[in-house]
file coords.cif (mmCIF, C-alpha atoms and all ligand atoms)
data_entry
#
loop_
_atom_site.label_atom_id
_atom_site.label_comp_id
_atom_site.auth_asym_id
_atom_site.auth_seq_id
_atom_site.Cartn_x
_atom_site.Cartn_y
_atom_site.Cartn_z
CA MET W 1 83.70 17.74 46.09
CA ASN W 2 82.68 18.86 49.58
CA ASN W 3 81.89 15.52 51.12
CA ILE W 4 85.00 13.71 50.04
CA ARG W 5 86.46 11.67 52.89
CA ARG W 6 89.84 10.10 53.43
CA PRO W 7 89.54 6.42 52.48
CA ASP W 8 90.41 4.15 55.44
CA THR W 9 92.79 2.27 53.17
CA MET W 10 94.71 5.34 51.99
CA GLU W 11 98.45 4.97 52.41
CA ARG W 12 100.16 7.76 54.35
CA ILE W 13 102.06 9.98 51.91
CA THR W 14 105.62 9.60 53.17
CA THR W 15 107.64 9.48 49.95
CA ALA W 16 108.23 11.73 46.96
CA ALA W 17 106.67 9.08 44.69
CA LEU W 18 103.45 8.96 46.72
CA ALA W 19 103.32 12.76 46.76
CA ASP W 20 103.80 12.90 42.99
CA ALA W 21 100.99 10.39 42.49
CA PHE W 22 98.70 12.47 44.70
CA ILE W 23 99.61 15.62 42.76
CA ASP W 24 98.81 13.96 39.41
CA GLU W 25 95.49 12.72 40.75
CA GLN W 26 94.50 16.11 42.14
CA VAL W 27 95.57 18.02 39.03
CA ALA W 28 93.21 15.84 37.00
CA ALA W 29 90.41 16.20 39.57
CA ILE W 30 90.78 19.99 39.71
CA ARG W 31 90.71 20.30 35.92
CA ALA W 32 87.62 18.11 35.79
CA GLN W 33 85.87 20.17 38.49
CA VAL W 34 86.82 23.64 37.32
CA GLY W 35 87.05 23.38 33.52
CA GLU W 36 87.71 26.83 32.03
CA LYS W 37 86.29 28.73 35.02
CA LYS W 38 88.09 30.93 37.53
CA VAL W 39 88.96 30.05 41.13
CA LEU W 40 89.59 32.47 44.00
CA LEU W 41 91.98 31.76 46.87
CA ALA W 42 92.90 33.69 50.01
CA LEU W 43 96.65 33.08 50.09
CA SER W 44 98.00 33.79 53.57
CA GLY W 45 101.45 32.34 53.00
CA GLY W 46 100.74 29.60 55.55
CA VAL W 47 101.51 25.99 54.66
CA ASP W 48 98.00 24.90 53.71
CA SER W 49 96.99 27.83 51.51
CA SER W 50 100.44 27.89 49.86
CA VAL W 51 100.24 24.22 48.94
CA VAL W 52 96.70 24.65 47.63
CA ALA W 53 97.89 27.60 45.52
CA ALA W 54 100.82 25.62 44.11
CA LEU W 55 98.55 22.66 43.26
CA LEU W 56 95.99 24.87 41.54
CA ILE W 57 98.65 26.75 39.62
CA ARG W 58 99.94 23.38 38.39
CA ALA W 59 96.39 22.41 37.36
CA ILE W 60 94.87 25.61 35.97
CA GLY W 61 97.60 28.27 35.93
CA ARG W 62 96.25 31.81 35.73
CA GLN W 63 92.62 30.72 36.08
CA LEU W 64 93.49 30.80 39.77
CA VAL W 65 93.22 34.26 41.31
CA CYS W 66 95.20 34.46 44.56
CA VAL W 67 94.54 37.30 46.97
CA HIS W 68 97.22 38.00 49.57
CA VAL W 69 95.92 40.37 52.22
CA ASN W 70 98.66 41.98 54.29
CA HIS W 71 96.91 42.93 57.52
CA GLY W 72 100.04 44.59 58.84
CA LEU W 73 100.46 41.82 61.42
CA LEU W 74 102.64 39.49 59.36
CA ARG W 75 106.22 38.61 60.23
CA LYS W 76 109.14 40.42 58.70
CA GLY W 77 109.65 39.41 55.07
CA GLU W 78 106.45 37.36 54.76
CA PRO W 79 104.48 39.40 52.22
CA GLU W 80 107.65 39.85 50.16
CA GLN W 81 108.20 36.08 50.12
CA VAL W 82 104.63 35.37 49.04
CA ILE W 83 105.03 37.80 46.13
CA GLU W 84 108.45 36.47 45.17
CA VAL W 85 107.48 32.79 45.26
CA PHE W 86 104.04 32.99 43.70
CA ARG W 87 104.28 35.93 41.33
CA GLY W 88 108.01 35.73 40.65
CA GLN W 89 108.68 31.99 40.49
CA MET W 90 105.27 30.46 39.75
CA ASN W 91 103.80 33.17 37.53
CA ALA W 92 100.65 33.22 39.64
CA ASN W 93 97.77 35.58 39.06
CA LEU W 94 98.33 37.25 42.44
CA ILE W 95 96.58 40.27 43.85
CA TYR W 96 98.50 41.84 46.72
CA VAL W 97 96.54 44.10 49.04
CA ASP W 98 98.42 46.14 51.61
CA ALA W 99 95.63 46.78 54.11
CA THR W 100 97.97 47.65 56.99
CA ASP W 101 96.52 51.11 57.64
CA ARG W 102 92.98 49.85 57.51
CA PHE W 103 93.61 47.15 60.10
CA LEU W 104 95.77 49.22 62.41
CA ASN W 105 93.33 52.13 62.35
CA LYS W 106 90.47 49.81 63.30
CA LEU W 107 92.56 48.25 66.05
CA ALA W 108 93.77 51.55 67.51
CA GLY W 109 92.96 51.75 71.20
CA VAL W 110 91.34 48.28 71.33
CA THR W 111 92.68 46.39 74.35
CA ASP W 112 90.38 43.38 74.72
CA PRO W 113 91.98 40.25 73.15
CA GLU W 114 88.71 38.79 71.87
CA GLU W 115 87.66 42.13 70.43
CA LYS W 116 91.03 42.38 68.66
CA ARG W 117 90.57 38.91 67.15
CA LYS W 118 87.05 39.76 66.00
CA ILE W 119 88.20 42.96 64.33
CA ILE W 120 91.07 41.21 62.55
CA GLY W 121 88.87 38.31 61.36
CA GLY W 122 85.97 40.55 60.31
CA GLU W 123 88.14 43.05 58.48
CA PHE W 124 89.96 40.24 56.70
CA ILE W 125 86.73 38.92 55.25
CA GLN W 126 85.68 42.42 54.18
CA VAL W 127 88.93 43.15 52.37
CA PHE W 128 88.86 39.73 50.71
CA ALA W 129 85.22 40.14 49.65
CA GLU W 130 85.95 43.59 48.20
CA GLU W 131 88.75 42.14 46.07
CA ALA W 132 86.56 39.22 45.01
CA ARG W 133 83.85 41.61 43.81
CA LYS W 134 86.34 43.32 41.51
CA GLN W 135 86.86 40.01 39.67
CA ASP W 136 84.63 38.83 36.86
CA GLY W 137 83.49 35.27 36.44
CA ILE W 138 84.73 33.65 39.64
CA GLU W 139 82.76 30.47 40.30
CA PHE W 140 84.93 28.61 42.76
CA LEU W 141 86.59 29.29 46.09
CA ALA W 142 89.68 27.26 46.96
CA GLN W 143 90.40 26.51 50.59
CA GLY W 144 93.26 24.93 52.50
CA THR W 145 91.01 22.67 54.55
CA ILE W 146 92.95 19.63 55.80
CA TRP W 147 91.79 16.32 57.27
CA PRO W 148 92.30 17.23 60.96
CA ASP W 149 90.06 20.32 60.38
CA ILE W 150 87.26 18.02 59.24
CA LEU W 151 87.78 15.59 62.14
CA GLU W 152 87.93 18.39 64.72
CA SER W 153 84.81 20.09 63.46
CA GLU W 154 82.95 16.76 63.40
CA GLN W 155 84.02 16.10 66.99
CA GLY W 156 82.92 19.59 68.00
CA ILE W 157 86.45 20.58 69.08
CA LYS W 158 86.55 23.67 66.93
CA ALA W 159 84.35 25.31 64.39
CA HIS W 160 86.13 25.13 61.07
CA HIS W 161 86.44 28.43 59.25
CA ASN W 162 84.84 26.94 56.12
CA ALA W 163 84.01 29.57 53.50
CA GLY W 164 84.91 31.91 56.36
CA GLY W 165 81.72 33.92 56.65
CA LEU W 166 81.74 35.55 53.22
CA PRO W 167 78.65 37.72 52.59
CA GLU W 168 75.41 35.86 51.71
CA ASP W 169 75.47 36.91 48.05
CA MET W 170 78.96 35.51 47.56
CA GLN W 171 78.55 31.79 47.60
CA PHE W 172 81.05 29.81 45.57
CA GLU W 173 81.53 26.13 44.98
CA LEU W 174 84.47 24.93 47.07
CA VAL W 175 87.72 23.45 45.76
CA GLU W 176 89.57 21.68 48.57
CA PRO W 177 92.42 19.69 47.07
CA VAL W 178 94.24 18.85 50.32
CA ARG W 179 91.12 18.06 52.30
CA ILE W 180 92.00 14.40 52.90
CA LEU W 181 95.62 15.03 53.89
CA PHE W 182 97.30 15.19 57.28
CA LYS W 183 99.68 18.08 57.87
CA ASP W 184 102.85 16.07 57.25
CA GLU W 185 101.40 14.95 53.91
CA VAL W 186 100.55 18.52 52.94
CA ARG W 187 104.20 19.43 53.57
CA MET W 188 105.40 16.49 51.47
CA VAL W 189 103.16 17.55 48.59
CA GLY W 190 104.30 21.18 48.92
CA LYS W 191 107.92 20.13 48.73
CA GLN W 192 107.27 18.11 45.58
CA LEU W 193 105.52 21.13 44.06
CA GLY W 194 108.73 23.11 44.50
CA LEU W 195 107.77 25.38 47.40
CA PRO W 196 110.75 26.56 49.49
CA ASP W 197 111.53 24.70 52.72
CA ASN W 198 110.96 27.72 54.93
CA MET W 199 107.41 27.91 53.59
CA VAL W 200 106.68 24.19 53.75
CA TYR W 201 108.21 23.55 57.18
CA ARG W 202 107.35 26.80 58.83
CA GLN W 203 106.23 26.90 62.44
CA PRO W 204 102.56 27.46 63.36
CA PHE W 205 101.50 31.09 63.08
CA PRO W 206 98.14 32.36 64.37
CA GLY W 207 95.63 33.97 62.01
CA PRO W 208 95.61 37.24 64.01
CA GLY W 209 99.37 37.23 63.53
CA LEU W 210 101.63 39.50 65.54
CA GLY W 211 98.48 41.17 66.89
CA VAL W 212 98.30 38.58 69.70
CA ARG W 213 101.99 39.16 70.47
CA CYS W 214 101.51 42.86 71.00
CA PRO W 215 99.26 42.57 74.08
CA GLY W 216 96.70 45.28 74.76
CA ALA W 217 96.21 48.18 72.37
CA ILE W 218 98.47 47.73 69.34
CA THR W 219 100.69 50.67 68.47
CA ARG W 220 102.85 50.83 65.36
CA ASP W 221 106.10 51.34 67.26
CA ARG W 222 105.52 48.42 69.65
CA LEU W 223 104.36 46.22 66.74
CA GLU W 224 107.61 47.06 64.96
CA ALA W 225 109.54 45.99 68.07
CA VAL W 226 107.68 42.64 67.96
CA ARG W 227 108.43 42.20 64.26
CA GLU W 228 112.13 43.09 64.52
CA SER W 229 112.81 41.01 67.65
CA ASP W 230 110.95 38.03 66.10
CA ALA W 231 113.13 38.32 62.97
CA ILE W 232 116.30 38.26 65.10
CA LEU W 233 115.08 35.25 67.09
CA ARG W 234 114.21 33.34 63.92
CA GLU W 235 117.52 34.21 62.30
CA GLU W 236 119.55 33.07 65.31
CA PHE W 237 117.53 29.86 65.76
CA ALA W 238 118.08 29.06 62.07
CA LYS W 239 121.82 29.77 62.26
CA ASN W 240 122.15 27.55 65.31
CA GLY W 241 120.26 24.52 64.05
CA LEU W 242 117.07 25.06 66.04
CA GLU W 243 114.81 25.84 63.07
CA GLY W 244 112.64 22.81 62.42
CA LYS W 245 113.71 21.34 65.79
CA VAL W 246 111.82 23.68 68.11
CA TRP W 247 108.08 23.52 67.48
CA GLN W 248 107.24 27.21 67.88
CA TYR W 249 109.22 30.28 68.93
CA PHE W 250 108.47 33.97 68.86
CA THR W 251 108.69 37.21 70.80
CA VAL W 252 106.13 39.30 72.65
CA VAL W 253 106.42 42.97 73.60
CA PRO W 254 104.14 43.72 76.56
CA ASP W 255 102.63 47.13 77.12
CA PHE W 256 104.80 48.34 79.99
CA LYS W 257 108.17 49.97 80.32
CA SER W 258 110.98 49.60 82.81
CA THR W 259 114.04 51.60 83.72
CA GLY W 260 117.42 50.86 82.18
CA ILE W 261 120.65 52.51 81.06
CA LYS W 262 121.65 53.18 77.47
CA ASN W 263 124.77 55.09 76.44
CA GLY W 264 125.29 56.19 80.03
CA ALA W 265 121.83 57.71 80.33
CA ARG W 266 118.57 56.56 81.88
CA SER W 267 116.25 54.76 79.50
CA PHE W 268 112.62 53.88 80.03
CA GLU W 269 111.64 51.25 77.45
CA TRP W 270 109.81 47.98 76.74
CA PRO W 271 110.99 44.47 77.53
CA VAL W 272 110.95 41.74 74.88
CA ILE W 273 109.72 38.34 76.06
CA ILE W 274 111.06 35.28 74.24
CA ARG W 275 108.88 32.16 74.03
CA ALA W 276 110.17 28.85 72.64
CA VAL W 277 108.09 25.72 73.14
CA ASN W 278 107.74 22.16 72.01
CA SER W 279 104.44 20.43 71.44
CA LYS W 280 102.80 17.74 69.35
CA ASP W 281 99.27 19.04 69.15
CA ALA W 282 99.37 22.52 70.79
CA ILE W 283 97.19 21.20 73.63
CA THR W 284 100.15 20.95 75.99
CA ALA W 285 103.63 22.41 75.55
CA THR W 286 107.01 22.24 77.24
CA VAL W 287 109.68 24.92 77.26
CA GLU W 288 112.77 24.55 75.05
CA ASP W 289 116.09 24.42 76.90
CA VAL W 290 117.87 27.07 74.80
CA PRO W 291 121.66 27.04 75.35
CA PHE W 292 122.77 29.95 77.55
CA ALA W 293 125.39 31.18 75.06
CA LEU W 294 122.81 31.39 72.29
CA MET W 295 120.36 33.13 74.59
CA SER W 296 123.03 35.70 75.48
CA ARG W 297 123.71 36.36 71.80
CA ILE W 298 120.01 36.84 71.07
CA VAL W 299 119.63 39.21 74.04
CA ASP W 300 122.65 41.20 72.87
CA ARG W 301 121.24 41.57 69.36
CA ILE W 302 117.75 42.51 70.50
CA ILE W 303 118.85 45.21 72.96
CA HIS W 304 121.22 46.72 70.40
CA GLU W 305 119.14 46.37 67.24
CA VAL W 306 115.52 46.84 68.26
CA PRO W 307 114.49 50.44 68.94
CA GLY W 308 112.56 51.05 72.16
CA VAL W 309 113.77 47.93 73.99
CA ASN W 310 116.12 47.78 77.01
CA ARG W 311 115.43 44.38 78.56
CA VAL W 312 114.84 40.76 77.43
CA LEU W 313 113.03 38.03 79.39
CA TYR W 314 112.57 34.28 78.77
CA ASP W 315 109.19 32.71 79.43
CA PHE W 316 109.81 29.44 81.31
CA THR W 317 106.14 28.53 81.68
CA PRO W 318 104.73 25.30 80.21
CA LYS W 319 101.20 24.91 78.87
CA PRO W 320 99.27 24.54 81.09
CA THR W 321 99.19 26.88 82.93
CA ALA W 322 100.21 29.37 80.27
CA THR W 323 98.85 29.17 76.75
CA ILE W 324 101.41 29.33 73.96
CA GLU W 325 100.29 32.75 72.74
CA TYR W 326 99.71 35.69 75.10
CA GLU W 327 96.21 36.60 73.97
P1 LIG Z 1 97.45 28.70 72.50
O1 LIG Z 1 97.89 30.13 72.65
O2 LIG Z 1 95.97 28.53 72.61
O3 LIG Z 1 97.83 28.31 71.01
O4 LIG Z 1 98.20 27.77 73.41
C1 LIG Z 1 97.83 27.00 70.51
C2 LIG Z 1 98.33 27.02 69.07
O5 LIG Z 1 97.36 27.65 68.22
C3 LIG Z 1 97.91 28.80 67.60
N1 LIG Z 1 96.88 29.84 67.64
C4 LIG Z 1 96.13 30.20 66.59
N2 LIG Z 1 96.12 29.78 65.31
N3 LIG Z 1 94.38 31.31 64.82
C5 LIG Z 1 95.25 30.36 64.43
O6 LIG Z 1 95.25 30.01 63.26
C6 LIG Z 1 94.32 31.78 66.08
O7 LIG Z 1 93.54 32.65 66.40
C7 LIG Z 1 95.25 31.19 67.01
N4 LIG Z 1 95.50 31.40 68.32
C8 LIG Z 1 96.48 30.56 68.68
C9 LIG Z 1 99.12 29.16 68.43
O8 LIG Z 1 100.09 29.88 67.67
C10 LIG Z 1 99.61 27.82 68.88
O9 LIG Z 1 100.36 27.19 67.88
#

call {"tool": "encode", "arguments": {"input": "coords.cif", "output": "structure tokens"}}
result
Amino acid sequence: MNNIRRPDTMERITTAALADAFIDEQVAAIRAQVGEKKVLLALSGGVDSSVVAALLIRAIGRQLVCVHVNHGLLRKGEPEQVIEVFRGQMNANLIYVDATDRFLNKLAGVTDPEEKRKIIGGEFIQVFAEEARKQDGIEFLAQGTIWPDILESEQGIKAHHNAGGLPEDMQFELVEPVRILFKDEVRMVGKQLGLPDNMVYRQPFPGPGLGVRCPGAITRDRLEAVRESDAILREEFAKNGLEGKVWQYFTVVPDFKSTGIKNGARSFEWPVIIRAVNSKDAITATVEDVPFALMSRIVDRIIHEVPGVNRVLYDFTPKPTATIEYE
């Protein structure tokens, strides 16, 4: 199944009927490949892994073992939604691992961005491998590889995280049911499989999660300020029709404090930086022109609702020169 390529003649999946046909085809292919065996999947809650999970559940039900690792760097409500949608609504065989302490302890005091990324990636594989070892009879590993991943790795643009560096003794046959699809097609298929819109149309979110939005050494209190301010931003963008219109938006809480006034007394607290950008391919990005009134409302909510914050800034910088994320 690993060398399957997108046929040049394949019609772009732009309608519910085409998505349904693809689903039927893949369900049959998965059943033929897997038979009665078990399949393991790292379910992050991102679009690709969620759609793969939904497809496999349709094809083989509880023969799919999903592992959702909460590295403590997810957005507010994300692990809860994964559990609710997959365990609650789809009756998935879902293992939920709250590894927050493990990740945050390893990251304590680490300031270098690349080192932080390495720790998060390495620890993720370890936790996933540990859970996999507890399972009997797994013969397949499902992955949310999509067609642009294949093209980019062939062109040498980025190394694809295929089979993500699992230990040598843990080699599984791959199941990659959305491998020939473009992102918009994956979303179409996910919608037809009944996944909620906020999962299917969600904005890009980096693997290292909020860790790259808490620059420098991550502390639990500053991470909480990132999570809470991000939740407010997302809520206000959704209420005001910007969800799905703005390509990516989030908050960052840098590791410095400034003087302010709260309840008539001096405060010395963090700023929150808001970033909202538009892009097609993440290679360049322009800044969203957020209406002033909405910005004022978001600032008001953040300074009143997020502990430890007394100031809010807007990042007006396009990419280049700035990257979208801060680390
Ligand atoms: P930058 O910051 O390089 O980000 O302008 C471009 C896009 O890629 C996302 N991004 C990541 N996605 N793992 C991911 O899966 C990562 O380590 C990572 N770093 C950045 C970023 O959110 C933006 O959409």

call {"tool": "residues_near_point", "arguments": {"input": "coords.cif", "point": "(106.5, 50.0, 76.9)", "cutoff": "7 Å", "atoms": "only C-alpha atoms", "output": "PyMOL selection string"}}
result
chain W and resi 254-257+269-270

call {"tool": "residues_near_ligand", "arguments": {"input": "coords.cif", "ligand": "ligand LIG 1 (chain Z)", "cutoff": "6 Å", "atoms": "only C-alpha atoms and all ligand atoms", "output": "short mmCIF file (atom, residue, chain, number, x, y, z; two decimals) with C-alpha atoms, keeping the file's coordinate frame"}}
result
data_model
loop_
_atom_site.label_atom_id
_atom_site.label_comp_id
_atom_site.auth_asym_id
_atom_site.auth_seq_id
_atom_site.Cartn_x
_atom_site.Cartn_y
_atom_site.Cartn_z
CA PRO W 204 102.56 27.46 63.36
CA PHE W 205 101.50 31.09 63.08
CA PRO W 206 98.14 32.36 64.37
CA GLY W 207 95.63 33.97 62.01
CA PRO W 208 95.61 37.24 64.01
CA ALA W 282 99.37 22.52 70.79
CA THR W 323 98.85 29.17 76.75
CA ILE W 324 101.41 29.33 73.96
CA GLU W 325 100.29 32.75 72.74
#

call {"tool": "residues_near_point", "arguments": {"input": "coords.cif", "point": "(109.7, 35.7, 74.4)", "cutoff": "12 Å", "atoms": "all atoms listed in the file", "output": "MDAnalysis selection string"}}
result
chainID W and resid 213:214 226 229:230 232:234 248:254 271:277 287:288 290 295 298:299 302 311:317 324:326

call {"tool": "atom_distance", "arguments": {"input": "coords.cif", "atom1": "CA of Pro318 (chain W)", "atom2": "CA of Thr286 (chain W)"}}
result
4.8 Å

call {"tool": "closest_residue", "arguments": {"input": "coords.cif", "among": "W:Val246, W:Val178, W:Leu193, W:Val82", "to": "Arg58 (chain W)", "atoms": "all atoms listed in the file"}}
result
W:Leu193
